[in-house]
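See below for coords00.pdb, which holds PDB, C-alpha atoms.
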ATOM      1  CA  MET A   1      74.858 -17.235 112.231
ATOM      2  CA  THR A   2      78.561 -16.576 112.796
ATOM      3  CA  THR A   3      77.991 -12.816 113.004
ATOM      4  CA  MET A   4      75.168 -13.309 115.489
ATOM      5  CA  LEU A   5      77.329 -15.620 117.632
ATOM      6  CA  ARG A   6      80.149 -13.075 117.605
ATOM      7  CA  THR A   7      77.757 -10.302 118.647
ATOM      8  CA  VAL A   8      76.220 -12.374 121.465
ATOM      9  CA  ASN A   9      79.692 -13.432 122.557
ATOM     10  CA  ARG A  10      80.977  -9.866 122.695
ATOM     11  CA  VAL A  11      77.909  -8.535 124.501
ATOM     12  CA  ALA A  12      77.957 -11.374 127.061
ATOM     13  CA  LEU A  13      81.680 -10.958 127.704
ATOM     14  CA  GLY A  14      81.251  -7.183 128.003
ATOM     15  CA  VAL A  15      78.392  -7.466 130.516
ATOM     16  CA  VAL A  16      80.187 -10.098 132.616
ATOM     17  CA  GLY A  17      83.380  -8.030 132.524
ATOM     18  CA  LEU A  18      81.597  -4.849 133.631
ATOM     19  CA  VAL A  19      79.798  -6.637 136.489
ATOM     20  CA  LEU A  20      83.018  -8.250 137.704
ATOM     21  CA  LEU A  21      84.888  -4.954 137.403
ATOM     22  CA  ALA A  22      82.203  -3.037 139.317
ATOM     23  CA  VAL A  23      81.868  -5.595 142.126
ATOM     24  CA  GLY A  24      85.614  -6.171 142.386
ATOM     25  CA  GLY A  25      86.338  -2.456 142.362
ATOM     26  CA  ALA A  26      83.720  -1.782 145.030
ATOM     27  CA  VAL A  27      85.053  -4.564 147.300
ATOM     28  CA  LEU A  28      88.600  -3.269 146.791
ATOM     29  CA  ALA A  29      87.534   0.302 147.566
ATOM     30  CA  VAL A  30      85.776  -0.771 150.785
ATOM     31  CA  GLY A  31      88.803  -2.904 151.706
ATOM     32  CA  LEU A  32      91.062   0.124 151.290
ATOM     33  CA  GLY A  33      88.908   2.175 153.648
ATOM     34  CA  ALA A  34      86.230   3.878 151.539
ATOM     35  CA  ASN A  35      82.873   4.353 153.239
ATOM     36  CA  PRO A  36      80.336   1.965 151.695
ATOM     37  CA  PRO A  37      76.738   3.026 151.015
ATOM     38  CA  SER A  38      74.046   1.802 153.422
ATOM     39  CA  TRP A  39      72.731  -0.857 151.008
ATOM     40  CA  TRP A  40      76.190  -2.398 150.359
ATOM     41  CA  LEU A  41      76.938  -5.971 151.455
ATOM     42  CA  HIS A  42      79.844  -5.051 153.726
ATOM     43  CA  ASP A  43      80.125  -2.538 156.533
ATOM     44  CA  GLY A  44      83.815  -1.752 156.391
ATOM     45  CA  LYS A  45      87.294  -2.924 155.616
ATOM     46  CA  HIS A  46      87.359  -5.466 158.460
ATOM     47  CA  ASP A  47      84.101  -7.115 157.391
ATOM     48  CA  VAL A  48      84.421 -10.552 155.745
ATOM     49  CA  LEU A  49      82.709 -11.502 152.478
ATOM     50  CA  LEU A  50      80.724 -14.338 154.108
ATOM     51  CA  SER A  51      80.323 -14.599 157.843
ATOM     52  CA  THR A  52      80.131 -17.965 159.590
ATOM     53  CA  ALA A  53      76.390 -17.564 160.044
ATOM     54  CA  GLU A  54      75.885 -16.796 156.329
ATOM     55  CA  ARG A  55      78.055 -19.766 155.255
ATOM     56  CA  THR A  56      76.269 -22.286 157.485
ATOM     57  CA  ARG A  57      72.732 -20.896 157.355
ATOM     58  CA  TRP A  58      71.186 -23.473 154.985
ATOM     59  CA  ARG A  59      73.646 -26.335 155.444
ATOM     60  CA  HIS A  60      71.246 -28.590 157.391
ATOM     61  CA  GLU A  61      68.296 -28.087 155.042
ATOM     62  CA  GLY A  62      67.593 -31.091 152.775
ATOM     63  CA  TRP A  63      67.256 -29.016 149.609
ATOM     64  CA  TRP A  64      70.474 -26.991 150.025
ATOM     65  CA  TRP A  65      73.202 -29.283 148.680
ATOM     66  CA  PRO A  66      71.192 -30.673 145.732
ATOM     67  CA  THR A  67      70.359 -27.094 144.733
ATOM     68  CA  VAL A  68      73.978 -25.957 145.016
ATOM     69  CA  ILE A  69      75.177 -28.944 142.969
ATOM     70  CA  ALA A  70      72.451 -28.435 140.315
ATOM     71  CA  VAL A  71      73.228 -24.724 139.932
ATOM     72  CA  LEU A  72      76.968 -25.366 139.679
ATOM     73  CA  THR A  73      76.365 -28.170 137.154
ATOM     74  CA  VAL A  74      74.245 -25.883 134.989
ATOM     75  CA  LEU A  75      76.884 -23.152 135.165
ATOM     76  CA  VAL A  76      79.659 -25.594 134.174
ATOM     77  CA  LEU A  77      77.575 -26.966 131.277
ATOM     78  CA  LEU A  78      76.795 -23.445 130.032
ATOM     79  CA  ALA A  79      80.481 -22.505 130.259
ATOM     80  CA  LEU A  80      81.464 -25.638 128.315
ATOM     81  CA  TRP A  81      78.784 -24.970 125.675
ATOM     82  CA  TRP A  82      80.038 -21.422 125.287
ATOM     83  CA  LEU A  83      83.661 -22.576 125.029
ATOM     84  CA  VAL A  84      82.837 -25.173 122.370
ATOM     85  CA  ALA A  85      80.766 -22.626 120.415
ATOM     86  CA  VAL A  86      83.628 -20.131 120.472
ATOM     87  CA  LEU A  87      86.357 -22.614 119.564
ATOM     88  CA  ARG A  88      84.489 -24.561 116.913
ATOM     89  CA  ARG A  89      85.020 -23.418 113.366
ATOM     90  CA  ARG A  90      81.734 -22.626 111.747
ATOM     91  CA  ARG A  91      81.101 -24.134 108.353
ATOM     92  CA  LEU A  92      80.356 -21.562 105.679
ATOM     93  CA  GLY A  93      76.779 -21.893 104.417
ATOM     94  CA  GLU A  94      77.131 -19.949 101.176
ATOM     95  CA  VAL A  95      79.729 -18.218  99.030
ATOM     96  CA  LEU A  96      79.072 -14.937  97.233
ATOM     97  CA  VAL A  97      79.982 -15.270  93.541
ATOM     98  CA  ASP A  98      80.692 -12.078  91.612
ATOM     99  CA  THR A  99      78.701 -12.373  88.365
ATOM    100  CA  GLY A 100      79.960  -9.074  86.974
ATOM    101  CA  ASP A 101      76.536  -7.409  86.877
ATOM    102  CA  GLY A 102      76.734  -6.016  90.411
ATOM    103  CA  ALA A 103      74.041  -8.352  91.768
ATOM    104  CA  GLY A 104      76.116 -11.456  92.444
ATOM    105  CA  ALA A 105      74.939 -14.986  93.075
ATOM    106  CA  LEU A 106      75.056 -17.322  96.042
ATOM    107  CA  LEU A 107      76.727 -20.716  95.834
ATOM    108  CA  ARG A 108      76.078 -23.297  98.527
ATOM    109  CA  GLY A 109      79.182 -23.801 100.619
ATOM    110  CA  ARG A 110      78.669 -27.570 100.738
ATOM    111  CA  ALA A 111      78.597 -27.694  96.944
ATOM    112  CA  LEU A 112      81.952 -25.943  96.683
ATOM    113  CA  GLU A 113      83.332 -28.169  99.453
ATOM    114  CA  GLY A 114      82.191 -31.249  97.527
ATOM    115  CA  VAL A 115      83.822 -30.078  94.306
ATOM    116  CA  LEU A 116      87.046 -29.201  96.116
ATOM    117  CA  ALA A 117      87.159 -32.557  97.940
ATOM    118  CA  GLY A 118      86.344 -34.431  94.705
ATOM    119  CA  ASP A 119      89.061 -32.638  92.736
ATOM    120  CA  ALA A 120      91.547 -33.300  95.517
ATOM    121  CA  ALA A 121      90.606 -36.998  95.709
ATOM    122  CA  ARG A 122      91.312 -37.386  91.960
ATOM    123  CA  LEU A 123      94.885 -36.154  92.368
ATOM    124  CA  ASP A 124      97.571 -38.782  91.873
ATOM    125  CA  GLY A 125      98.408 -40.552  95.141
ATOM    126  CA  VAL A 126      95.528 -39.166  97.198
ATOM    127  CA  SER A 127      93.453 -41.969  98.706
ATOM    128  CA  HIS A 128      90.977 -39.765 100.616
ATOM    129  CA  SER A 129      90.216 -36.061 100.924
ATOM    130  CA  HIS A 130      87.973 -33.855 103.011
ATOM    131  CA  ALA A 131      87.312 -30.128 102.653
ATOM    132  CA  HIS A 132      85.266 -27.534 104.476
ATOM    133  CA  LEU A 133      84.956 -23.781 104.184
ATOM    134  CA  THR A 134      85.028 -21.172 106.926
ATOM    135  CA  GLY A 135      85.298 -17.394 106.959
ATOM    136  CA  ARG A 136      82.949 -14.869 105.383
ATOM    137  CA  ARG A 137      80.846 -15.518 102.327
ATOM    138  CA  ASP A 138      82.762 -12.888 100.342
ATOM    139  CA  ALA A 139      86.146 -14.143 101.620
ATOM    140  CA  PRO A 140      86.000 -17.902 102.238
ATOM    141  CA  GLU A 141      88.879 -19.956 103.588
ATOM    142  CA  ALA A 142      89.387 -23.634 102.754
ATOM    143  CA  HIS A 143      90.462 -26.319 105.204
ATOM    144  CA  VAL A 144      91.580 -29.462 103.371
ATOM    145  CA  ARG A 145      92.712 -32.816 104.744
ATOM    146  CA  LEU A 146      94.433 -35.289 102.446
ATOM    147  CA  LEU A 147      95.282 -38.924 103.093
ATOM    148  CA  LEU A 148      98.247 -39.737 100.882
ATOM    149  CA  GLU A 149      99.453 -43.076  99.588
ATOM    150  CA  PRO A 150     102.825 -44.128 101.046
ATOM    151  CA  HIS A 151     104.759 -43.538  97.807
ATOM    152  CA  VAL A 152     103.641 -39.918  97.316
ATOM    153  CA  ASP A 153     105.935 -36.969  97.964
ATOM    154  CA  PRO A 154     103.945 -34.508 100.174
ATOM    155  CA  ALA A 155     105.468 -31.466  98.427
ATOM    156  CA  VAL A 156     104.298 -32.739  95.038
ATOM    157  CA  ALA A 157     100.818 -33.504  96.386
ATOM    158  CA  LEU A 158     100.578 -30.022  97.919
ATOM    159  CA  ASP A 159     101.726 -28.448  94.668
ATOM    160  CA  HIS A 160      99.106 -30.383  92.668
ATOM    161  CA  LEU A 161      96.400 -29.447  95.190
ATOM    162  CA  THR A 162      97.319 -25.762  94.993
ATOM    163  CA  ASN A 163      97.639 -25.554  91.209
ATOM    164  CA  GLU A 164      94.713 -27.808  90.302
ATOM    165  CA  ALA A 165      91.981 -28.346  92.925
ATOM    166  CA  LEU A 166      92.250 -25.040  94.800
ATOM    167  CA  ALA A 167      92.761 -23.043  91.596
ATOM    168  CA  HIS A 168      89.703 -24.709  90.031
ATOM    169  CA  ALA A 169      87.558 -23.953  93.107
ATOM    170  CA  ARG A 170      88.796 -20.343  93.219
ATOM    171  CA  ASP A 171      88.177 -19.774  89.497
ATOM    172  CA  SER A 172      84.770 -21.479  89.441
ATOM    173  CA  ALA A 173      83.514 -19.273  92.280
ATOM    174  CA  ALA A 174      85.142 -16.138  90.781
ATOM    175  CA  LEU A 175      87.109 -15.491  93.958
ATOM    176  CA  GLU A 176      90.124 -13.216  94.036
ATOM    177  CA  SER A 177      91.840 -15.561  96.460
ATOM    178  CA  LEU A 178      91.096 -18.746  98.364
ATOM    179  CA  PRO A 179      93.435 -19.101 101.338
ATOM    180  CA  ALA A 180      93.781 -22.701 102.439
ATOM    181  CA  GLU A 181      95.016 -24.680 105.397
ATOM    182  CA  VAL A 182      96.080 -28.145 104.245
ATOM    183  CA  ARG A 183      96.749 -31.116 106.519
ATOM    184  CA  LEU A 184      98.536 -34.088 105.009
ATOM    185  CA  ARG A 185      98.633 -37.612 106.415
ATOM    186  CA  THR A 186     100.143 -40.742 104.964
ATOM    187  CA  ALA A 187      98.109 -43.938 104.809
ATOM    188  CA  LYS A 188      99.504 -46.771 106.911
ATOM    189  CA  HIS A 189     100.884 -49.728 105.032
ATOM    190  CA  LYS A 190     102.472 -53.052 105.828
ATOM    191  CA  ALA A 191     106.217 -53.337 105.693
ATOM    192  CA  GLU A 192     107.437 -54.871 102.454
ATOM    193  CA  ARG A 193     109.577 -57.970 102.568
ATOM    194  CA  VAL A 194     112.950 -57.619 100.902
ATOM    195  CA  SER A 195     114.534 -60.808  99.606
TER
END

File written out as structure tokens:
Amino acid sequence: MTTMLRTVNRVALGVVGLVLLAVGGAVLAVGLGANPPSWWLHDGKHDVLLSTAERTRWRHEGWWWPTVIAVLTVLVLLALWWLVAVLRRRRLGEVLVDTGDGAGALLRGRALEGVLAGDAARLDGVSHSHAHLTGRRDAPEAHVRLLLEPHVDPAVALDHLTNEALAHARDSAALESLPAEVRLRTAKHKAERVS
């Protein structure tokens, strides 16, 4: 799915870029004095992009403004959908495990995420953990969020996560490496009264 989205994204950006480059270059060339072909929108360098008659042609028709607003709304929604799809990190569906026989096996990404989050939650001073995998199935990357108890040293918690939970996940999936991005937060607590 991620590969397909990347391909569609690249093709769409390439087509839009070529169209904009061609139209912009042609308008610039005509503006600098090049003779336009007979079918071109503009007659010469003193011609405007939209004449007054073209701009006001449909203004008094009842369908004009609702149509313009609907088309612009659809374009904005499509642009937002595309932006969210590009920026959102895709969850990894499966991880390729090297079994040593050349065939390999597939491990569900959610299963490995669950094991990683469970191991992290059992660490001393961790009150909640969440993990998800991104990247390629032969080179996954872990994204871990930990909610720490107030008394826990973040450096110690990170060290335990690296040497225990992440190492266990990496070894169990027979991965050469498992890069991880870890976000630590401390649980809120009431101030203690000193007497």

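Atom pair CA of Leu21 in chain A / CA of Thr56 in chain A: separated by 27.9 Å.
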
For CA of Leu87 in chain A and CA of Val19 in chain A, the interatomic separation in Å (one decimal): 24.2 Å

Using the chain letters and numbers from the file, which residues does the PyMOL selection byres ((chain A and resi 146) around 10) grab, as a PyMOL selection string? chain A and resi 117+120-121+125-131+144-145+147-149+154+157-158+161+182-187

Evaluate the PyMOL selection byres ((chain A and resi 164) around 12) and record the selected residues as number ranges by chain, following the chain and residue labels used in the document. A: 115-124, 156-163, 165-172

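Counting all atoms listed in the file, the residue from A:Arg57, A:Gly17, A:Ala70, A:Leu133 that sits nearest to Gly114 in chain A is A:Leu133.
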
So which one's closest to His132 in chain A, A:Glu176, A:Asp43, A:Asp98, A:Glu181? Using only C-alpha atoms, please. A:Glu181

Between A:Thr73, A:Thr134, A:Ser177, A:Asn9, which residue has the minimum interatomic distance to Val86 in chain A, considering all atoms listed in the file?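 For Val86 in chain A, the nearest of the given residues is A:Asn9.
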
Determine the residue membership of the PyMOL selection byres ((chain A and resi 103-105) around 12) for the file above and supply it as a VMD selection string. chain A and resid 94 to 102 106 to 108 137 to 138 173 to 175

Dump as a CSV table (one decimal), keeping the file's coordinate frame, selection limited to C-alpha atoms:
chain,number,residue,atom,x,y,z
A,94,GLU,CA,77.1,-19.9,101.2
A,95,VAL,CA,79.7,-18.2,99.0
A,96,LEU,CA,79.1,-14.9,97.2
A,97,VAL,CA,80.0,-15.3,93.5
A,98,ASP,CA,80.7,-12.1,91.6
A,99,THR,CA,78.7,-12.4,88.4
A,100,GLY,CA,80.0,-9.1,87.0
A,101,ASP,CA,76.5,-7.4,86.9
A,102,GLY,CA,76.7,-6.0,90.4
A,106,LEU,CA,75.1,-17.3,96.0
A,107,LEU,CA,76.7,-20.7,95.8
A,108,ARG,CA,76.1,-23.3,98.5
A,137,ARG,CA,80.8,-15.5,102.3
A,138,ASP,CA,82.8,-12.9,100.3
A,173,ALA,CA,83.5,-19.3,92.3
A,174,ALA,CA,85.1,-16.1,90.8
A,175,LEU,CA,87.1,-15.5,94.0

Option closest in space to Pro140 in chain A, from A:Arg91, A:Arg6, A:Arg59, A:His46 [counting only C-alpha atoms]: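 Of all the options, A:Arg91 lies closest to Pro140 in chain A.
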
Between CA of Val76 in chain A and CA of Arg10 in chain A, measure the distance and give it in Å to one decimal.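 Going from CA of Val76 in chain A over to CA of Arg10 in chain A, I get 19.5 Å.
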